[in-house]
$ cat start04.txt   # compact mmCIF, C-alpha atoms and all ligand atoms
# COMPACT_ATOMS: atom_id res chain seq x y z
CA MET F 1 -16.56 9.67 16.09
CA LYS F 2 -16.04 13.28 17.12
CA LYS F 3 -13.42 12.30 19.62
CA ARG F 4 -11.75 10.22 16.99
CA THR F 5 -11.70 13.14 14.60
CA LYS F 6 -10.13 15.38 17.20
CA PHE F 7 -7.59 12.76 17.91
CA LEU F 8 -6.85 12.38 14.26
CA ILE F 9 -5.93 16.01 14.01
CA CYS F 10 -3.55 15.55 16.93
CA MET F 11 -2.03 12.50 15.33
CA VAL F 12 -1.52 14.33 12.09
CA LEU F 13 0.26 17.14 13.86
CA THR F 14 2.34 14.65 15.79
CA ALA F 15 3.17 12.85 12.60
CA ALA F 16 4.21 16.09 10.97
CA ILE F 17 6.46 16.97 13.88
CA LEU F 18 7.94 13.49 14.01
CA GLY F 19 8.50 13.61 10.29
CA ALA F 20 10.30 16.91 10.55
CA CYS F 21 12.45 15.79 13.44
CA THR F 22 13.38 12.34 12.29
CA ASP F 23 16.64 12.14 10.45
CA LYS F 24 16.09 9.84 7.53
CA ALA F 25 19.13 11.03 5.66
CA GLY F 26 20.87 7.74 6.13
CA VAL F 27 18.01 5.55 5.10
CA ALA F 28 18.35 5.76 1.37
CA ASP F 29 22.01 4.85 1.49
CA THR F 30 21.72 1.98 3.88
CA VAL F 31 21.27 -1.53 2.70
CA ALA F 32 18.45 -3.35 4.46
CA GLU F 33 19.97 -5.46 7.18
CA SER F 34 17.61 -8.36 7.19
CA GLY F 35 15.47 -10.05 4.65
CA THR F 36 16.24 -11.95 1.56
CA GLU F 37 19.19 -11.90 -0.72
CA SER F 38 17.40 -9.54 -2.99
CA ALA F 39 17.17 -6.97 -0.24
CA THR F 40 20.92 -6.58 -0.35
CA ALA F 41 21.01 -5.60 -3.98
CA GLU F 42 22.66 -2.27 -4.40
CA LYS F 43 20.42 0.69 -4.84
CA LEU F 44 20.79 2.10 -8.30
CA PRO F 45 21.46 5.76 -8.78
CA GLU F 46 18.29 7.76 -9.20
CA VAL F 47 17.24 9.19 -12.52
CA THR F 48 18.73 6.33 -14.53
CA LEU F 49 15.95 5.14 -16.75
CA ILE F 50 17.03 2.23 -18.86
CA LEU F 51 14.60 1.23 -21.54
CA ASN F 52 15.42 -2.11 -22.99
CA GLN F 53 12.46 -4.03 -24.26
CA ALA F 54 14.65 -7.02 -25.10
CA ASP F 55 15.47 -7.48 -21.42
CA ALA F 56 11.94 -7.18 -20.27
CA GLY F 57 11.73 -10.88 -19.55
CA GLY F 58 8.80 -11.58 -21.82
CA THR F 59 5.57 -9.86 -22.56
CA VAL F 60 2.39 -10.24 -20.63
CA ASP F 61 -1.07 -10.44 -22.02
CA GLN F 62 -3.28 -7.86 -20.47
CA PRO F 63 -7.01 -7.58 -20.74
CA GLU F 64 -8.07 -4.99 -23.22
CA THR F 65 -7.90 -1.63 -21.52
CA ASP F 66 -6.83 1.94 -21.99
CA ALA F 67 -3.09 2.00 -22.17
CA SER F 68 -3.12 5.37 -20.51
CA ARG F 69 -3.16 4.15 -16.95
CA GLY F 70 -1.57 6.73 -14.77
CA ASP F 71 -1.13 4.48 -11.83
CA ASP F 72 1.24 1.78 -12.59
CA GLU F 73 3.59 2.89 -9.88
CA SER F 74 1.00 2.79 -7.19
CA GLY F 75 1.90 -0.58 -5.77
CA GLU F 76 3.59 -1.33 -2.57
CA ASP F 77 4.83 -4.51 -1.13
CA ILE F 78 6.63 -6.37 1.46
CA GLU F 79 8.92 -9.16 2.29
CA GLY F 80 8.94 -11.90 4.80
CA ALA F 81 5.38 -13.25 4.66
CA VAL F 82 3.72 -15.06 7.49
CA GLU F 83 6.63 -15.51 9.90
CA VAL F 84 7.30 -11.79 9.88
CA SER F 85 3.71 -11.07 10.82
CA ALA F 86 3.98 -13.16 13.94
CA ASP F 87 7.12 -11.35 15.09
CA THR F 88 5.78 -7.91 14.46
CA ALA F 89 2.53 -8.80 16.20
CA ASP F 90 4.53 -9.54 19.32
CA ALA F 91 6.46 -6.33 18.97
CA ARG F 92 3.22 -4.39 18.66
CA ASP F 93 1.86 -6.03 21.78
CA GLU F 94 4.93 -5.03 23.75
CA ALA F 95 4.77 -1.48 22.49
CA ASP F 96 1.30 -1.18 23.91
CA THR F 97 -0.34 1.70 25.63
CA THR F 98 1.80 3.08 28.41
CA GLY F 99 0.53 6.61 28.07
CA GLU F 100 3.97 8.22 27.99
CA ASN F 101 5.15 10.80 25.51
CA ALA F 102 4.57 9.87 21.89
CA GLU F 103 8.21 9.31 21.11
CA THR F 104 9.09 7.01 18.26
CA ASP F 105 11.19 4.00 19.13
CA ALA F 106 14.25 4.16 16.88
CA ASP F 107 14.34 0.38 16.54
CA THR F 108 10.70 -0.47 15.94
CA GLY F 109 9.64 2.76 14.24
CA GLU F 110 6.54 2.86 16.42
CA SER F 111 5.56 5.69 18.74
CA GLU F 112 4.17 5.23 22.22
CA ALA F 113 0.50 4.35 21.92
CA THR F 114 -2.53 6.18 23.22
CA VAL F 115 -5.96 4.70 23.84
CA ILE F 116 -8.75 6.53 22.00
CA ASP F 117 -12.33 5.29 21.91
CA GLY F 118 -11.09 1.86 22.93
CA LEU F 119 -8.53 1.74 20.13
CA THR F 120 -4.80 1.67 20.76
CA VAL F 121 -3.29 4.24 18.44
CA SER F 122 0.31 4.92 17.49
CA THR F 123 2.27 6.34 14.58
CA VAL F 124 4.77 4.24 12.67
CA SER F 125 7.66 5.34 10.50
CA LEU F 126 10.52 3.78 8.59
CA THR F 127 13.68 2.58 10.28
CA ASP F 128 16.92 1.49 8.62
CA SER F 129 16.46 -2.07 9.80
CA MET F 130 13.15 -2.67 8.03
CA PRO F 131 13.60 -4.88 4.98
CA TYR F 132 13.68 -2.84 1.75
CA ALA F 133 13.66 0.49 3.63
CA SER F 134 16.85 1.45 1.81
CA PHE F 135 15.03 1.35 -1.52
CA SER F 136 12.68 4.15 -0.57
CA ALA F 137 13.48 7.76 -1.49
CA ILE F 138 10.66 9.61 0.30
CA ASN F 139 10.13 8.42 3.85
CA THR F 140 9.90 11.30 6.33
CA GLY F 141 6.16 10.81 6.84
CA ALA F 142 4.40 8.49 9.27
CA ALA F 143 1.43 6.16 9.04
CA THR F 144 -1.07 5.60 11.86
CA LEU F 145 -1.81 2.25 13.44
CA TYR F 146 -5.21 1.65 15.05
CA LYS F 147 -5.32 -1.55 17.06
CA ASN F 148 -8.77 -2.87 17.75
CA PRO F 149 -9.46 -5.04 20.83
CA ASP F 150 -12.11 -7.06 18.97
CA PRO F 151 -11.42 -10.73 19.80
CA VAL F 152 -12.12 -11.98 16.28
CA ARG F 153 -11.09 -9.35 13.75
CA GLY F 154 -8.86 -7.20 15.95
CA LYS F 155 -5.84 -9.43 15.46
CA TYR F 156 -5.82 -8.63 11.75
CA VAL F 157 -4.24 -5.34 10.72
CA ILE F 158 -5.48 -4.09 7.36
CA CYS F 159 -3.20 -1.58 5.66
CA VAL F 160 -5.41 0.98 3.93
CA ASN F 161 -3.30 2.89 1.43
CA ALA F 162 -4.98 5.89 -0.21
CA GLY F 163 -3.22 5.95 -3.57
CA HIS F 164 -1.13 9.00 -4.57
CA GLY F 165 -0.90 12.14 -2.39
CA THR F 166 2.86 12.55 -1.98
CA LYS F 167 3.98 16.01 -2.99
CA GLY F 168 7.14 15.82 -5.06
CA GLY F 169 6.75 12.09 -5.59
CA GLN F 170 6.47 12.49 -9.33
CA SER F 171 9.97 13.91 -9.70
CA VAL F 172 11.80 11.23 -7.72
CA LYS F 173 12.57 7.71 -8.88
CA THR F 174 12.89 4.46 -7.05
CA GLN F 175 14.12 1.07 -8.16
CA CYS F 176 11.34 -1.03 -9.70
CA HIS F 177 12.53 -4.33 -8.28
CA PRO F 178 14.67 -5.06 -5.22
CA ASP F 179 17.06 -7.16 -7.32
CA GLY F 180 17.50 -4.41 -9.90
CA SER F 181 15.88 -6.38 -12.72
CA PRO F 182 13.74 -4.54 -15.29
CA LYS F 183 9.96 -4.19 -15.28
CA VAL F 184 8.16 -6.99 -17.06
CA THR F 185 5.05 -5.01 -18.03
CA GLY F 186 4.45 -1.51 -19.25
CA GLY F 187 2.36 1.31 -17.84
CA THR F 188 3.38 4.89 -17.13
CA THR F 189 6.90 3.55 -16.98
CA GLY F 190 7.64 1.19 -19.84
CA ALA F 191 8.54 -2.46 -19.63
CA GLY F 192 12.29 -2.81 -19.33
CA ALA F 193 12.80 0.18 -17.06
CA THR F 194 14.67 -0.41 -13.82
CA THR F 195 13.53 2.76 -12.07
CA ALA F 196 10.10 4.35 -11.91
CA VAL F 197 8.31 7.36 -10.46
CA ALA F 198 8.33 7.13 -6.65
CA VAL F 199 4.65 8.17 -6.38
CA SER F 200 2.68 9.32 -9.40
CA SER F 201 0.21 12.16 -9.04
CA GLY F 202 -2.83 10.19 -10.22
CA MET F 203 -5.59 11.06 -12.66
CA THR F 204 -8.49 13.54 -12.59
CA PHE F 205 -12.10 12.36 -12.66
CA GLY F 206 -14.57 13.58 -15.24
CA ASP F 207 -16.04 15.96 -12.65
CA GLY F 208 -12.67 17.56 -11.97
CA LYS F 209 -11.94 15.77 -8.67
CA SER F 210 -8.41 14.51 -8.24
CA GLU F 211 -7.93 10.79 -7.86
CA SER F 212 -5.88 11.42 -4.71
CA SER F 213 -8.81 13.22 -3.04
CA VAL F 214 -11.21 10.38 -3.90
CA THR F 215 -8.80 7.67 -2.74
CA LEU F 216 -8.48 9.62 0.53
CA ALA F 217 -12.28 9.84 0.94
CA GLN F 218 -12.51 6.11 0.23
CA ALA F 219 -9.73 5.33 2.69
CA LEU F 220 -11.36 7.32 5.49
CA ILE F 221 -14.74 5.63 4.95
CA LEU F 222 -13.11 2.22 4.74
CA LYS F 223 -11.17 2.89 7.92
CA GLU F 224 -14.29 3.76 9.92
CA MET F 225 -16.17 0.73 8.61
CA LEU F 226 -13.23 -1.60 9.25
CA LEU F 227 -12.87 -0.33 12.81
CA ASP F 228 -16.62 -0.65 13.37
CA ALA F 229 -16.41 -4.24 12.10
CA GLY F 230 -13.61 -4.95 14.59
CA TYR F 231 -10.53 -4.93 12.35
CA SER F 232 -7.29 -3.19 13.21
CA VAL F 233 -6.14 -0.69 10.61
CA LEU F 234 -2.88 0.82 9.40
CA MET F 235 -3.65 4.11 7.66
CA ILE F 236 -0.92 5.20 5.27
CA ARG F 237 -2.48 8.58 4.56
CA GLU F 238 -5.28 10.47 6.33
CA THR F 239 -4.67 13.91 4.86
CA ASP F 240 -3.94 15.33 1.41
CA ASP F 241 -0.26 14.59 1.64
CA VAL F 242 2.02 12.05 3.25
CA GLN F 243 5.74 11.97 2.55
CA LEU F 244 5.94 8.24 1.98
CA ASP F 245 6.70 6.86 -1.45
CA ASN F 246 5.33 3.58 -2.76
CA VAL F 247 8.30 1.64 -1.45
CA ALA F 248 8.02 3.24 2.01
CA ARG F 249 4.28 2.58 2.14
CA THR F 250 4.94 -1.04 1.27
CA VAL F 251 7.72 -1.40 3.83
CA LEU F 252 5.42 -0.11 6.59
CA ALA F 253 2.60 -2.39 5.50
CA ASN F 254 5.00 -5.35 5.49
CA GLU F 255 6.15 -4.46 8.96
CA PHE F 256 2.89 -3.63 10.70
CA ALA F 257 -0.01 -5.14 8.75
CA ASP F 258 -1.37 -8.53 7.71
CA CYS F 259 -2.51 -7.42 4.29
CA HIS F 260 -2.19 -4.31 2.16
CA ILE F 261 -4.85 -2.70 0.01
CA ALA F 262 -3.90 0.30 -2.12
CA LEU F 263 -6.96 2.21 -3.33
CA HIS F 264 -7.05 3.60 -6.87
CA TRP F 265 -9.21 4.44 -9.85
CA ASP F 266 -7.96 3.80 -13.36
CA SER F 267 -7.41 6.47 -15.99
CA SER F 268 -9.74 5.03 -18.64
CA GLU F 269 -13.08 6.74 -19.23
CA LYS F 270 -15.53 3.91 -19.78
CA ASP F 271 -16.69 3.04 -16.29
CA LYS F 272 -15.19 -0.32 -17.09
CA GLY F 273 -15.53 -1.74 -13.59
CA ALA F 274 -13.36 -2.71 -10.64
CA PHE F 275 -10.34 -4.98 -10.74
CA TYR F 276 -7.11 -5.68 -8.90
CA CYS F 277 -3.63 -5.74 -10.36
CA SER F 278 -2.55 -9.35 -10.46
CA VAL F 279 1.04 -10.56 -10.61
CA PRO F 280 2.30 -10.94 -14.20
CA ASP F 281 2.74 -14.50 -15.37
CA VAL F 282 6.44 -14.10 -16.07
CA ALA F 283 8.60 -16.82 -14.56
CA SER F 284 11.53 -14.58 -13.63
CA TYR F 285 9.23 -12.11 -11.89
CA ARG F 286 7.30 -14.72 -9.95
CA ALA F 287 10.62 -16.30 -8.92
CA MET F 288 12.00 -13.04 -7.50
CA GLU F 289 11.67 -12.51 -3.74
CA PRO F 290 9.57 -11.27 -2.11
CA VAL F 291 7.15 -11.83 -5.02
CA ALA F 292 7.83 -15.58 -5.02
CA SER F 293 6.66 -15.97 -1.41
CA THR F 294 3.70 -13.66 -1.72
CA TRP F 295 2.02 -13.61 -5.09
CA GLN F 296 -0.36 -16.50 -4.60
CA LYS F 297 -1.58 -15.04 -1.30
CA SER F 298 -2.05 -11.69 -2.99
CA HIS F 299 -4.16 -13.31 -5.70
CA ALA F 300 -6.27 -15.02 -3.04
CA LEU F 301 -6.79 -11.65 -1.35
CA GLY F 302 -7.63 -9.93 -4.62
CA ASP F 303 -10.06 -12.64 -5.68
CA SER F 304 -11.84 -12.47 -2.32
CA ILE F 305 -12.21 -8.72 -2.50
CA ILE F 306 -13.46 -8.76 -6.09
CA ALA F 307 -16.05 -11.36 -5.03
CA GLY F 308 -17.04 -9.11 -2.13
CA LEU F 309 -17.49 -6.13 -4.46
CA LYS F 310 -19.47 -8.25 -6.86
CA GLY F 311 -21.74 -9.25 -3.99
CA GLN F 312 -22.56 -5.55 -3.52
CA GLY F 313 -23.63 -5.33 -7.14
CA ILE F 314 -20.53 -3.42 -8.20
CA LYS F 315 -19.48 -3.72 -11.83
CA ILE F 316 -16.34 -5.79 -12.30
CA PHE F 317 -13.90 -5.40 -15.18
CA SER F 318 -13.32 -8.55 -17.21
CA SER F 319 -12.33 -11.35 -14.82
CA GLY F 320 -11.54 -8.79 -12.12
CA THR F 321 -7.80 -8.71 -12.72
CA MET F 322 -5.17 -7.00 -14.84
CA ALA F 323 -1.60 -8.26 -14.75
CA LEU F 324 0.78 -5.41 -13.89
CA ASP F 325 4.30 -5.21 -12.54
CA LEU F 326 3.98 -2.65 -9.74
CA THR F 327 6.40 -1.30 -7.18
CA GLN F 328 3.94 -2.37 -4.49
CA THR F 329 3.87 -5.95 -5.72
CA SER F 330 7.62 -6.07 -6.17
CA TYR F 331 8.35 -5.21 -2.53
CA SER F 332 5.40 -6.86 -0.74
CA SER F 333 6.06 -9.65 1.73
CA ILE F 334 2.42 -9.81 2.87
CA PRO F 335 -0.71 -10.36 0.77
CA SER F 336 -1.00 -7.10 -1.13
CA ILE F 337 -3.10 -5.66 -3.93
CA ASP F 338 -3.55 -2.50 -5.92
CA LEU F 339 -7.34 -2.26 -6.10
CA GLU F 340 -8.78 -0.18 -8.93
CA LEU F 341 -12.35 0.65 -7.93
CA GLY F 342 -13.37 1.89 -11.36
CA ASP F 343 -12.12 4.69 -13.57
CA LYS F 344 -12.60 8.37 -14.46
CA ALA F 345 -16.23 7.78 -15.37
CA SER F 346 -17.18 5.68 -12.35
CA ASP F 347 -19.48 6.77 -9.54
CA HIS F 348 -17.43 8.02 -6.60
CA SER F 349 -20.22 9.45 -4.44
CA ASP F 350 -20.10 8.77 -0.71
CA SER F 351 -22.82 6.15 -1.04
CA ARG F 352 -20.78 4.31 -3.65
CA LEU F 353 -17.65 4.59 -1.51
CA ARG F 354 -19.61 2.99 1.33
CA LEU F 355 -20.72 0.21 -0.95
CA ASN F 356 -17.11 -0.33 -2.04
CA ALA F 357 -16.02 -0.49 1.60
CA ALA F 358 -18.74 -3.01 2.44
CA GLY F 359 -17.58 -5.19 -0.45
CA ILE F 360 -13.95 -4.96 0.63
CA ILE F 361 -14.85 -5.97 4.20
CA THR F 362 -16.88 -8.95 3.00
CA GLY F 363 -13.85 -9.94 0.93
CA LEU F 364 -11.51 -9.60 3.90
CA ASP F 365 -13.80 -11.75 6.06
CA ALA F 366 -13.70 -14.44 3.39
CA PHE F 367 -9.93 -14.13 2.99
CA PHE F 368 -9.29 -14.49 6.73
CA GLY F 369 -12.00 -17.17 7.11
CA ILE F 370 -14.17 -15.09 9.43
CA GLY F 371 -17.93 -15.27 9.65
ZN ZN T 401 -4.08 5.60 -9.01
$ encode --input "start04.txt" --output "structure tokens" --more "lines below"
Ligand SMILES: [Zn+2]
Amino acid sequence: MKKRTKFLICMVLTAAILGACTDKAGVADTVAESGTESATAEKLPEVTLILNQADAGGTVDQPETDASRGDDESGEDIEGAVEVSADTADARDEADTTGENAETDADTGESEATVIDGLTVSTVSLTDSMPYASFSAINTGAATLYKNPDPVRGKYVICVNAGHGTKGGQSVKTQCHPDGSPKVTGGTTGAGATTAVAVSSGMTFGDGKSESSVTLAQALILKEMLLDAGYSVLMIRETDDVQLDNVARTVLANEFADCHIALHWDSSEKDKGAFYCSVPDVASYRAMEPVASTWQKSHALGDSIIAGLKGQGIKIFSSGTMALDLTQTSYSSIPSIDLELGDKASDHSDSRLRLNAAGIITGLDAFFGIG
């Protein structure tokens, strides 16, 4: 573990340097080259916030909850689904550990890998050719990919996304949906809006801790437990800040992972229990790519993880779901959930975070049919 920690520090520094040196200026203005029709929709100018309830495409019943959620823009998503995973898995294999300088390949977005504690580790960042990359506004940061040689779980890459933690993310907007259509549910950004906060800052727990610090603690514990269990892991954020907005996080997950779990706590104050954000039952939304190809798989993932948490004795909110139109969901091409592990009043001690992680791993095993 010590070695891994040391390595982590190196990777963070490398990521910072890569981030500073990589010219992403063109990314936001470039239309994604591949992907679905929707990926070629023109990017709307930032700052335009159109509120038109009549165009919201219908209302969605949500379980009774505090309307003050601060996280509705926490989602990330992907395009391409299963076929994409197979291709990227091959690409990852080829990029394997050659021990050269950690330069990032301009085409794949992946750095040369290094072997640490038996894990093959590289950093990954956005490239123009990744589907939906052009919709992101903050993308100079890098995520870290840990490939595990475990013969059973190692082939599955779990994207662990510590919610929030992008300085400046609150003052930048990104398009809610790749096709430019308006949001179908409310939240911090109202239904009908076509742009939303790129990364919100998150809430503050009753004890004064920031949500972003707790999601980070949870992500780091989950990472260690996933790696110990044999899974491969894509870590979006391992420090207080990463310059990747919700779209960029989703694009990287789509490209390098097999499923995407964003970690959050809700802004209510009742210790109401854990749930995942399910895909709103609005026909136009469920028909929009990449949502159309992904939402049922995301529900299967969410249901498995909620069952895993339940198995650890963790309190579950209502049926374990709340329908929300999130940026993450709107751009995800792999199974992807925003997981709310409780709220401002919920236990977030290390022991509870370990319990949460154990529940998530049980859920992943069930989802992938392992064990
Ligand atoms: Zn959150």
$ residues_near_ligand --input "start04.txt" --ligand "ligand ZN 401 (chain T)" --cutoff "12 Å" --atoms "only C-alpha atoms and all ligand atoms" --output "PyMOL selection string"
chain F and resi 68-75+161-165+187-188+199-205+210-216+246+262-268+276-277+326+338-344
$ closest_residue --input "start04.txt" --among "F:Met322, F:Val242, F:Met235, F:Val197" --to "Lys223 in chain F" --atoms "all atoms listed in the file"
F:Met235
$ atom_distance --input "start04.txt" --atom1 "CA of Arg249 in chain F" --atom2 "CA of Asp150 in chain F"
25.4 Å
$ closest_residue --input "start04.txt" --among "F:Lys167, F:Lys310, F:Lys173, F:Lys183" --to "Leu324 in chain F" --atoms "only C-alpha atoms"
F:Lys183
$ closest_residue --input "start04.txt" --among "F:Gly154, F:Pro280, F:Gly359, F:Gly109" --to "Gly141 in chain F" --atoms "all atoms listed in the file"
F:Gly109
$ atom_distance --input "start04.txt" --atom1 "CA of Pro151 in chain F" --atom2 "CA of Thr294 in chain F"
26.5 Å
$ closest_residue --input "start04.txt" --among "F:Val152, F:Gly168, F:Val279, F:Ser111" --to "Gly371 in chain F" --atoms "all atoms listed in the file"
F:Val152
